[in-house]
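To keep things clear, I will list the structure first and then write my remarks on it.
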Amino acid sequence: MSVDLGFCGAAGTVTGSCYWITHPGGQFLVDCGLFQGSKTVRELNYGSFPFNADQIDFVLLTHAHIDHAGLVPKLVKAGFDGPIYATAGTHDLLTYMLPDSGYIQETEVERLNRRNRQRGRPTVTPIYTRDDAAAALTRFRSVEYDRWEDVGDGVRARFWNAGHLLGSASIELEIATGQRKQRILRLLFSGDIGPEHKLFLPDPDANENFDYVFCESTYGNRRRTHADPERRRAILAKEVNDALQRGGTMLIPSFAIERTQELLLDLSELTNNGTIPEVPIFLDSPLAIQATNVFAAHLADLEDVPADSNPFQRRNIRFTASVDESKAIARFNGGTIIMAASGMCDAGRIRHHLKRNLWRNDSTVLLTGYQAPGTMGRLLREGKKSVRIHGEEIAVKARIRDIDVYSGHADQAELVDWIMRRLPLRRGLFLTHGEDESRAALRDILVGKNLSRRRIHLPQLDDVVNLMGDGGSRKRPGPHRLSTRPIEDTDWHNDYAQFMIDVQESLRKAGDDKKRRTLLRRLHRALKR
């Protein structure tokens with residue numbers, strides 16, 4: 001008998017987290033997340049799972065972020081009918097997040113199909129719908145922190161607070177192996193680890209002494225600015241005041257869950273003490289509004305919030321839930337702050353606001369979190385002069401700013417500290433949920449602290465390992481959904497968008513129609529080769 005583990009996501013990239021474990025008593029998943037980033041990576045969401053959904057016994061979720069839980073409705077739609085174990089906070093957030101994800105997919109596909117019909121192309125169907133999300137939510141079972149749960153045949157789990165998000169957890173597992181030599185295999189899945197002294201949450205915690213640890217490495221190559229509340233608010237205040245002094249609109253692409261609430265709390269405090277002017281602050285995201293209400297309901301469970309009032313309610317903070325309310329924001333020509341999802345600018349209402357404001361010299365875009373390769377947020381961070389939104393070229397003349405004091409992820413030093421506190425590791429450490437550069441940098445730091453390089457693994461998507469292999473895990477071959485090319489790179493869709501921008505710019509600069517026609521003929525000849 002063996003215990004095998006497949007890396008079905010977040011291996012060589014930062015999204016699509018999903019571990020598939022087969023053991024003598026059956027098989028189960030830890031996380032079932034949506035892929036984000038370039039179109040090539042996102043297309044994985046539409047393909048088949050690398051396992052049979054109807055043979056999965058149960059699912060364990062580390063937290064509610066869509067890159068960890070966003071494919072659960074697809075899993076249920078494909079035939080999974082077992083329990084989904086998560087903390088109460090995770091369940092509460094997903095009650096809103098999964099239907100919202102279904103709605104986004106429905107609307108994105110509707111827009112795409114309009115274009116497909118006009119171009120004579122076949123239509124497509126959404127990955128899942130709001131109804132599919134509602135069906136998935138009936139499978140949830142809430143668990144408590146620090147308490148063992150018998151979750152399957154020969155498997156028990158314990159959830160530890162990961163300090164990353166309301167309800168987030170690292171998951172400790174004990175699996176019966178059916179072998180005399182080692183009856184129990186002990187595993188720990190970090191989920192996403194929060195930084196120390198994170199707003200709202202306690203510091204991350206977990207047990208020690210495991211056979212294997214599977215640890216995220218999002219910021220494995222980066223040391224971040226560490227800021228107490230006063231310094232964090234001072235950094236935000238400077239960005240806000242600089243943006244408003246320019247006279248235009250300040251756009252904050254914000255992750256709907258927790259990042260939005262952190263920013264609202266600080267903006268409210270800065271307005272209260274007069275550090276920033278009292279200007280309209282629009283929260284233009286139905287999901288973020290619902291999530292803010294969840295946070296308000298959990299105020300007693302949160303740290304760093306006033307005990308006697310709701311910090312998310314203030315006369316200049318305006319929730320715009322409906323489409324009409326969102327469109328009405330366009331009446332303001334400046335002197336406003338607009339917060340809208342998504343945080344990577346790859347979907348949602350923020351793209352409409354970017355379309356209206358990116359070309360304005362007086363506008364400011366403030367990025368406050370990780371931007372996956374190939375996303376609009378990453379392109380803006382990299383300084384692209386033009387981008388394509390809804391098929392149109394938009395010049396980037398707005399001021400693009402980036403701060404890292406609101407990150408929900410531990411940085412390199414904090415990851416190293418978290419891993420060292422899990423020692424001893426009897427068999428090995430797998431670094432996942434990170435780009436290859438980040439994982440390699442984290443591995444090198446750990447080797448410098450006397451961890452064996454041979455026992456630190458950097459798995460790729462769809463790798464499968466035998467966790468009972470003598471002397472550590474053994475990798476076995478299997479079908480891979482993507483080529484060996486690093487999956488965090490931009491793809492041909494990004495290249496095509498840039499090519500179209502370059503062609504239009506060359507035609508504009510050509511000077512006269514004769515030169516433009518010459519350029520087009522050269523392009524046609526190149527295409528026929």
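Numbering starts fresh at 1 for the residues of each chain in the structure tokens, the chains themselves are lettered A, B, ... in the order given, and ligands are numbered from 1 as they appear.
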Contacts of stretch 248-257 of chain A at 8 Å (only C-alpha atoms; same-chain gap of 2+ positions) as number ranges by chain: A: 65, 165, 240, 243-246, 259-261, 285, 287-288, 291-292, 333-345, 350, 353-354, 357, 360, 362-369
Excluding same-chain residues fewer than 2 positions from A:Asp203, what lies within 9 Å of it counting only C-alpha atoms, as a PDB file with C-alpha atoms, in the first residue's frame?
ATOM      1  CA  ASN A 161      -5.027  29.475  12.691  1.00  0.00           C
ATOM      2  CA  ALA A 162      -2.835  30.581   9.757  1.00  0.00           C
ATOM      3  CA  GLY A 163      -3.163  34.331  10.441  1.00  0.00           C
ATOM      4  CA  HIS A 164      -3.879  35.063   6.763  1.00  0.00           C
ATOM      5  CA  GLY A 194      -0.078  35.487   7.285  1.00  0.00           C
ATOM      6  CA  PRO A 195       2.627  37.926   8.366  1.00  0.00           C
ATOM      7  CA  GLU A 196       3.301  38.591  11.996  1.00  0.00           C
ATOM      8  CA  HIS A 197       1.123  41.251  13.650  1.00  0.00           C
ATOM      9  CA  LYS A 198      -1.374  41.267  10.790  1.00  0.00           C
ATOM     10  CA  LEU A 201      -5.746  38.315  13.120  1.00  0.00           C
ATOM     11  CA  ASP A 205       0.456  28.892  14.607  1.00  0.00           C
TER      12      ASP A 205
END
Expected answer as a count of residues only: strand (DSSP E or B) residues in stretch 45-227 of chain A: 44
Atom-to-atom span, atom CA of A:Ala53 and atom CA of A:Glu106, Å: 22.4 Å
12 Å contact set for stretch 174-178 of chain A, only C-alpha atoms, chain neighbours under 5 positions out, as number ranges by chain: A: 1-4, 21-28, 148-158, 183-189, 210-212, 466-468
DSSP-assigned alpha helix (DSSP H) among stretch 85-142 of chain A, expressed as a ChimeraX atom specification: /A:88-118,130-137
Mind writing the picked residues with N, CA and C atoms as an mmCIF file, in the first residue's frame?
data_model
loop_
_atom_site.group_PDB
_atom_site.id
_atom_site.type_symbol
_atom_site.label_atom_id
_atom_site.label_comp_id
_atom_site.auth_asym_id
_atom_site.auth_seq_id
_atom_site.Cartn_x
_atom_site.Cartn_y
_atom_site.Cartn_z
ATOM 1 N N ALA A 88 -15.676 27.953 10.391
ATOM 2 C CA ALA A 88 -16.918 28.725 10.262
ATOM 3 C C ALA A 88 -16.679 30.028 9.511
ATOM 4 N N GLY A 89 -15.524 30.676 9.770
ATOM 5 C CA GLY A 89 -15.223 31.916 9.059
ATOM 6 C C GLY A 89 -15.096 31.696 7.563
ATOM 7 N N THR A 90 -14.431 30.607 7.176
ATOM 8 C CA THR A 90 -14.300 30.275 5.753
ATOM 9 C C THR A 90 -15.665 30.006 5.135
ATOM 10 N N HIS A 91 -16.486 29.238 5.835
ATOM 11 C CA HIS A 91 -17.831 28.931 5.331
ATOM 12 C C HIS A 91 -18.648 30.211 5.160
ATOM 13 N N ASP A 92 -18.616 31.095 6.142
ATOM 14 C CA ASP A 92 -19.386 32.335 6.064
ATOM 15 C C ASP A 92 -18.965 33.172 4.853
ATOM 16 N N LEU A 93 -17.653 33.300 4.627
ATOM 17 C CA LEU A 93 -17.180 34.098 3.506
ATOM 18 C C LEU A 93 -17.559 33.461 2.165
ATOM 19 N N LEU A 94 -17.415 32.136 2.070
ATOM 20 C CA LEU A 94 -17.720 31.468 0.804
ATOM 21 C C LEU A 94 -19.213 31.471 0.492
ATOM 22 N N THR A 95 -20.047 31.670 1.501
ATOM 23 C CA THR A 95 -21.477 31.799 1.256
ATOM 24 C C THR A 95 -21.755 32.932 0.261
ATOM 25 N N TYR A 96 -20.893 33.944 0.265
ATOM 26 C CA TYR A 96 -21.025 35.052 -0.677
ATOM 27 C C TYR A 96 -20.045 34.931 -1.846
ATOM 28 N N MET A 97 -18.835 34.428 -1.562
ATOM 29 C CA MET A 97 -17.780 34.434 -2.576
ATOM 30 C C MET A 97 -18.055 33.464 -3.722
ATOM 31 N N LEU A 98 -18.542 32.265 -3.420
ATOM 32 C CA LEU A 98 -18.760 31.295 -4.490
ATOM 33 C C LEU A 98 -19.895 31.704 -5.430
ATOM 34 N N PRO A 99 -21.056 32.155 -4.917
ATOM 35 C CA PRO A 99 -22.073 32.663 -5.854
ATOM 36 C C PRO A 99 -21.582 33.862 -6.665
ATOM 37 N N ASP A 100 -20.775 34.728 -6.025
ATOM 38 C CA ASP A 100 -20.235 35.880 -6.754
ATOM 39 C C ASP A 100 -19.306 35.413 -7.871
ATOM 40 N N SER A 101 -18.490 34.405 -7.588
ATOM 41 C CA SER A 101 -17.613 33.854 -8.612
ATOM 42 C C SER A 101 -18.431 33.279 -9.766
ATOM 43 N N GLY A 102 -19.516 32.567 -9.437
ATOM 44 C CA GLY A 102 -20.383 32.042 -10.480
ATOM 45 C C GLY A 102 -20.994 33.146 -11.324
ATOM 46 N N TYR A 103 -21.406 34.233 -10.666
ATOM 47 C CA TYR A 103 -21.996 35.367 -11.390
ATOM 48 C C TYR A 103 -20.970 36.006 -12.326
ATOM 49 N N ILE A 104 -19.733 36.178 -11.839
ATOM 50 C CA ILE A 104 -18.685 36.767 -12.682
ATOM 51 C C ILE A 104 -18.459 35.899 -13.911
ATOM 52 N N GLN A 105 -18.419 34.591 -13.711
ATOM 53 C CA GLN A 105 -18.194 33.706 -14.848
ATOM 54 C C GLN A 105 -19.366 33.745 -15.824
ATOM 55 N N GLU A 106 -20.583 33.827 -15.304
ATOM 56 C CA GLU A 106 -21.743 33.932 -16.185
ATOM 57 C C GLU A 106 -21.675 35.206 -17.028
ATOM 58 N N THR A 107 -21.364 36.337 -16.393
ATOM 59 C CA THR A 107 -21.348 37.611 -17.119
ATOM 60 C C THR A 107 -20.171 37.695 -18.086
ATOM 61 N N GLU A 108 -19.000 37.167 -17.682
ATOM 62 C CA GLU A 108 -17.843 37.180 -18.582
ATOM 63 C C GLU A 108 -18.125 36.329 -19.818
ATOM 64 N N VAL A 109 -18.734 35.161 -19.618
ATOM 65 C CA VAL A 109 -19.048 34.280 -20.744
ATOM 66 C C VAL A 109 -20.124 34.902 -21.625
ATOM 67 N N GLU A 110 -21.090 35.583 -21.019
ATOM 68 C CA GLU A 110 -22.129 36.254 -21.804
ATOM 69 C C GLU A 110 -21.511 37.310 -22.722
ATOM 70 N N ARG A 111 -20.567 38.075 -22.188
ATOM 71 C CA ARG A 111 -19.892 39.092 -23.004
ATOM 72 C C ARG A 111 -19.075 38.431 -24.114
ATOM 73 N N LEU A 112 -18.360 37.352 -23.755
ATOM 74 C CA LEU A 112 -17.555 36.647 -24.748
ATOM 75 C C LEU A 112 -18.431 36.051 -25.844
ATOM 76 N N ASN A 113 -19.557 35.485 -25.458
ATOM 77 C CA ASN A 113 -20.425 34.850 -26.456
ATOM 78 C C ASN A 113 -21.045 35.869 -27.407
ATOM 79 N N ARG A 114 -21.298 37.083 -26.949
ATOM 80 C CA ARG A 114 -21.783 38.126 -27.859
ATOM 81 C C ARG A 114 -20.755 38.364 -28.967
ATOM 82 N N ARG A 115 -19.477 38.436 -28.581
ATOM 83 C CA ARG A 115 -18.422 38.629 -29.574
ATOM 84 C C ARG A 115 -18.288 37.402 -30.465
ATOM 85 N N ASN A 116 -18.386 36.209 -29.868
ATOM 86 C CA ASN A 116 -18.248 34.978 -30.660
ATOM 87 C C ASN A 116 -19.339 34.871 -31.718
ATOM 88 N N ARG A 117 -20.571 35.221 -31.337
ATOM 89 C CA ARG A 117 -21.669 35.150 -32.306
ATOM 90 C C ARG A 117 -21.453 36.144 -33.442
ATOM 91 N N GLN A 118 -20.971 37.345 -33.111
ATOM 92 C CA GLN A 118 -20.714 38.348 -34.130
ATOM 93 C C GLN A 118 -19.616 37.901 -35.092
ATOM 94 N N ARG A 130 -24.141 30.456 -10.648
ATOM 95 C CA ARG A 130 -24.571 30.747 -9.270
ATOM 96 C C ARG A 130 -25.335 29.570 -8.669
ATOM 97 N N ASP A 131 -26.138 28.892 -9.474
ATOM 98 C CA ASP A 131 -26.868 27.729 -8.964
ATOM 99 C C ASP A 131 -25.916 26.605 -8.580
ATOM 100 N N ASP A 132 -24.859 26.413 -9.373
ATOM 101 C CA ASP A 132 -23.857 25.402 -9.023
ATOM 102 C C ASP A 132 -23.175 25.750 -7.706
ATOM 103 N N ALA A 133 -22.900 27.032 -7.493
ATOM 104 C CA ALA A 133 -22.270 27.465 -6.245
ATOM 105 C C ALA A 133 -23.195 27.204 -5.059
ATOM 106 N N ALA A 134 -24.479 27.488 -5.237
ATOM 107 C CA ALA A 134 -25.442 27.241 -4.154
ATOM 108 C C ALA A 134 -25.493 25.758 -3.801
ATOM 109 N N ALA A 135 -25.437 24.891 -4.817
ATOM 110 C CA ALA A 135 -25.435 23.452 -4.560
ATOM 111 C C ALA A 135 -24.190 23.028 -3.803
ATOM 112 N N ALA A 136 -23.041 23.617 -4.127
ATOM 113 C CA ALA A 136 -21.793 23.271 -3.447
ATOM 114 C C ALA A 136 -21.829 23.659 -1.974
ATOM 115 N N LEU A 137 -22.471 24.769 -1.659
ATOM 116 C CA LEU A 137 -22.496 25.247 -0.271
ATOM 117 C C LEU A 137 -23.248 24.291 0.652
#
Counting only C-alpha atoms, the option among A:Ala410, A:Val14, A:Asp495, A:Lys514 closest to A:Arg222: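 Nearest candidate to A:Arg222 out of A:Ala410, A:Val14, A:Asp495, A:Lys514: A:Ala410.
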One-decimal distance in Å that lies between atom CA of A:Glu172 and atom CA of A:Arg42: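 Spanning atom CA of A:Arg42 to atom CA of A:Glu172 is a straight-line distance of 29.5 Å.
Among the candidate residues A:Ala372, A:Asp512, A:Arg399, A:Asp324, the one lying nearest to A:Lys39 is A:Ala372, with distances computed using only C-alpha atoms.
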Which residue of A:Ser407, A:His433, A:Ala300, A:Arg388 approaches A:Arg232 most closely, using only C-alpha atoms: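 For A:Arg232, the nearest of the given residues is A:Ser407.
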Polymer residues at most 8 Å from A:Phe7, only C-alpha atoms, same-chain spacing of 4 or more positions, as a list in words: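 In the requested form, the answer reads Ala11, Cys18, Tyr19, Trp20, Pro459, Gln460, Leu461, Asp462, Asp463 and Val464 of chain A.
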Å distance separating atom CA of A:Ala234 from atom CA of A:Pro306, one decimal place: 19.3 Å
Residue contacts of A:Pro83 (6 Å, only C-alpha atoms) excluding same-chain residues fewer than 3 positions away, as a ChimeraX atom specification: /A:58,139-140
